[in-house]
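In what follows, a single structure is set out as structure tokens and then discussed.
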Amino acid sequence: MTDETTAPAPTRIALITGANKGIGFETARQLGRLGFTVLLGARDEERGRTAEQTLRDEGIDARAVRLDVTDENSVRAAEQWVSARYDHLDALVNNAGVPSVGGHRAAPSDTSIQDMRSVYEINVFGVVRVTNAFLPLLRNAPAARIVNVSSEIGSMDATVNPGSPVSGTPASIQYPSSKAAVNMMTVQYAKELRDTPIKVNAANPGFTDTDFTQHRGIRPVEQGAEPSVHLATLLADGPSGVLWGHLWTTEGDGDGGYGILPW
């Protein structure tokens, strides 16, 4: 009688940009706990290595990758590094983002064009640059997932709906408009890839307590990472081309659970 053994399941691999801290780091941690090899995209090599070691100490297979989403050469080098070690990518989480580069959170009429260009370079062009570079590896996976981290503040409906907490005082133009652009890009990538197993969605972490929000957020970082993790691990019957995540309301404690947000 011959002993039969079951072949081990192939390792799932996820790349997360801006993964050395905040929601990106927590997303890597949660995916790592699910058995993913997590590639920590970080502009600062030292911070990336520190994040890697922290996760490795927790038993997670984490590897830092120097990745500056604003630098074509850096993105190309990161793709070559990953391709030399892995033949596919199961999940790409475009998490890197900033509300402002120069601290110019002014009224729309006082917008700094220079700051707006800098924000778009990271939040918008960076998503396209990284996604296009890694798409061949994503196509090599059985059913890859692309997650673009967005925000309810990029939702036109939420911005004008009196029932939404973000419909009040006008915000600076840079960040909200960049996330509105991310939402549209998500839809366009989803349309291009709809005849493939790849799903492309935008994640809304909600107003999360991190450095990004100057720790004014109402949600712990563990919850802020949940939408990205959910979308990165969607089953075959999951949606593609939607904005999904925390539903912030003006009622009760403001927690409306999770679901699809209007564009």
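Chains: A, B, ... in order of the structure tokens. Residues: from 1 per chain. Ligands: from 1, in order shown.
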
Shell of 7 Å around stretch 32-48 of chain A, only C-alpha atoms, local chain residues under 6 positions omitted, as a list of chain:residue names: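 The contact residues come out as A:Thr11, A:Arg12, A:Ile13, A:Ala14, A:Leu15, A:Ile16, A:Thr17, A:Gly18, A:Ala19, A:Asn20, A:Ile60, A:Asp61, A:Ala62, A:Arg63, A:Ala64, A:Val65, A:Arg66, A:Leu67, A:Asp68.
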
Produce a file of the selected residues containing N, CA and C atoms, as a PDB file, in the first residue's frame.
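File produced: selection30.pdb:
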ATOM      1  N   THR A  11       2.260  29.030  -1.750  1.00  0.00           N
ATOM      2  CA  THR A  11       2.292  30.238  -0.929  1.00  0.00           C
ATOM      3  C   THR A  11       1.654  31.402  -1.665  1.00  0.00           C
ATOM      4  N   ARG A  12       0.786  32.112  -0.976  1.00  0.00           N
ATOM      5  CA  ARG A  12       0.203  33.315  -1.547  1.00  0.00           C
ATOM      6  C   ARG A  12       1.107  34.503  -1.215  1.00  0.00           C
ATOM      7  N   ILE A  13       1.272  35.367  -2.184  1.00  0.00           N
ATOM      8  CA  ILE A  13       2.217  36.478  -2.053  1.00  0.00           C
ATOM      9  C   ILE A  13       1.478  37.791  -2.236  1.00  0.00           C
ATOM     10  N   ALA A  14       1.709  38.718  -1.323  1.00  0.00           N
ATOM     11  CA  ALA A  14       1.064  40.035  -1.393  1.00  0.00           C
ATOM     12  C   ALA A  14       2.114  41.125  -1.300  1.00  0.00           C
ATOM     13  N   LEU A  15       1.967  42.134  -2.133  1.00  0.00           N
ATOM     14  CA  LEU A  15       2.802  43.327  -2.069  1.00  0.00           C
ATOM     15  C   LEU A  15       1.949  44.488  -1.594  1.00  0.00           C
ATOM     16  N   ILE A  16       2.429  45.173  -0.566  1.00  0.00           N
ATOM     17  CA  ILE A  16       1.709  46.322  -0.011  1.00  0.00           C
ATOM     18  C   ILE A  16       2.619  47.534  -0.084  1.00  0.00           C
ATOM     19  N   THR A  17       2.178  48.595  -0.719  1.00  0.00           N
ATOM     20  CA  THR A  17       2.988  49.816  -0.761  1.00  0.00           C
ATOM     21  C   THR A  17       2.733  50.647   0.498  1.00  0.00           C
ATOM     22  N   GLY A  18       3.735  51.421   0.881  1.00  0.00           N
ATOM     23  CA  GLY A  18       3.596  52.213   2.102  1.00  0.00           C
ATOM     24  C   GLY A  18       3.357  51.341   3.305  1.00  0.00           C
ATOM     25  N   ALA A  19       4.120  50.241   3.412  1.00  0.00           N
ATOM     26  CA  ALA A  19       3.804  49.201   4.396  1.00  0.00           C
ATOM     27  C   ALA A  19       4.658  49.250   5.650  1.00  0.00           C
ATOM     28  N   ASN A  20       5.450  50.284   5.834  1.00  0.00           N
ATOM     29  CA  ASN A  20       6.317  50.299   7.007  1.00  0.00           C
ATOM     30  C   ASN A  20       5.620  50.818   8.264  1.00  0.00           C
ATOM     31  N   ILE A  60       5.747  35.852  10.956  1.00  0.00           N
ATOM     32  CA  ILE A  60       5.210  36.148   9.626  1.00  0.00           C
ATOM     33  C   ILE A  60       6.349  36.187   8.610  1.00  0.00           C
ATOM     34  N   ASP A  61       6.120  35.607   7.450  1.00  0.00           N
ATOM     35  CA  ASP A  61       7.109  35.646   6.371  1.00  0.00           C
ATOM     36  C   ASP A  61       7.016  36.998   5.685  1.00  0.00           C
ATOM     37  N   ALA A  62       7.823  37.944   6.146  1.00  0.00           N
ATOM     38  CA  ALA A  62       7.789  39.311   5.641  1.00  0.00           C
ATOM     39  C   ALA A  62       9.145  39.665   5.051  1.00  0.00           C
ATOM     40  N   ARG A  63       9.108  40.418   3.940  1.00  0.00           N
ATOM     41  CA  ARG A  63      10.335  40.860   3.295  1.00  0.00           C
ATOM     42  C   ARG A  63      10.172  42.303   2.835  1.00  0.00           C
ATOM     43  N   ALA A  64      11.118  43.131   3.228  1.00  0.00           N
ATOM     44  CA  ALA A  64      11.075  44.537   2.844  1.00  0.00           C
ATOM     45  C   ALA A  64      11.561  44.704   1.411  1.00  0.00           C
ATOM     46  N   VAL A  65      10.889  45.577   0.694  1.00  0.00           N
ATOM     47  CA  VAL A  65      11.262  45.898  -0.680  1.00  0.00           C
ATOM     48  C   VAL A  65      11.332  47.411  -0.800  1.00  0.00           C
ATOM     49  N   ARG A  66      12.486  47.938  -1.201  1.00  0.00           N
ATOM     50  CA  ARG A  66      12.560  49.376  -1.386  1.00  0.00           C
ATOM     51  C   ARG A  66      11.680  49.764  -2.562  1.00  0.00           C
ATOM     52  N   LEU A  67      10.720  50.649  -2.303  1.00  0.00           N
ATOM     53  CA  LEU A  67       9.755  51.005  -3.341  1.00  0.00           C
ATOM     54  C   LEU A  67       9.247  52.417  -3.111  1.00  0.00           C
ATOM     55  N   ASP A  68       9.675  53.317  -3.971  1.00  0.00           N
ATOM     56  CA  ASP A  68       9.192  54.697  -3.971  1.00  0.00           C
ATOM     57  C   ASP A  68       8.228  54.817  -5.147  1.00  0.00           C
TER      58      ASP A  68
END

DSSP alpha helix (DSSP H) residues within stretch 32-253 of chain A, listed as a PyMOL selection string: chain A and resi 32-33+45-57+72-85+113-120+126-139+156-160+174-192+221-232

Atom CA of A:Arg129 to atom CA of A:Asn73, straight-line distance in Å: 10.5 Å

Polymer residues at most 8 Å from stretch 236-246 of chain A, only C-alpha atoms, same-chain spacing of 6 or more positions, as a PyMOL selection string: chain A and resi 143+150+183+186-191+194+197+199-206+227+255-263

A:Val98 environment, 8 Å, only C-alpha atoms, sequence neighbours closer than 5 positions dropped, as a list in words: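 The filter keeps Val119, Ile122, Asn123, Tyr175 and Phe212 of chain A.
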
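Straight-line separation from atom CA of A:Ser151 to atom CA of A:Met116: 17.1 Å.
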
Distance query stretch 86-94 of chain A at most 8 Å, only C-alpha atoms, self and fewer than 5 positions along chain excluded, as an MDAnalysis selection string: chainID A and resid 12:18 127 130:131 134 137:149 228 232:233

Saved selection, atoms kept: C-alpha atoms, as a compact mmCIF listing (two decimals), in the first residue's frame:
# COMPACT_ATOMS: atom_id res chain seq x y z
CA ARG A 12 0.20 33.31 -1.55
CA ILE A 13 2.22 36.48 -2.05
CA ALA A 14 1.06 40.04 -1.39
CA LEU A 15 2.80 43.33 -2.07
CA ILE A 16 1.71 46.32 -0.01
CA THR A 17 2.99 49.82 -0.76
CA GLY A 18 3.60 52.21 2.10
CA VAL A 127 -1.05 53.70 -8.24
CA VAL A 130 2.96 50.32 -9.56
CA THR A 131 -0.09 48.52 -10.93
CA PHE A 134 3.31 44.42 -11.44
CA LEU A 137 3.01 39.00 -12.11
CA LEU A 138 -0.62 39.43 -11.07
CA ARG A 139 -1.73 37.81 -14.31
CA ASN A 140 0.45 34.80 -13.47
CA ALA A 141 -1.55 34.11 -10.29
CA PRO A 142 -4.66 31.89 -10.39
CA ALA A 143 -6.91 34.76 -9.30
CA ALA A 144 -5.12 37.90 -8.19
CA ARG A 145 -6.63 40.83 -6.32
CA ILE A 146 -5.77 44.52 -6.72
CA VAL A 147 -6.79 46.79 -3.85
CA ASN A 148 -6.54 50.57 -4.18
CA VAL A 149 -6.84 52.24 -0.80
CA SER A 228 -7.99 46.02 2.42
CA ALA A 232 -7.26 41.17 -1.04
CA THR A 233 -8.76 37.80 -0.14
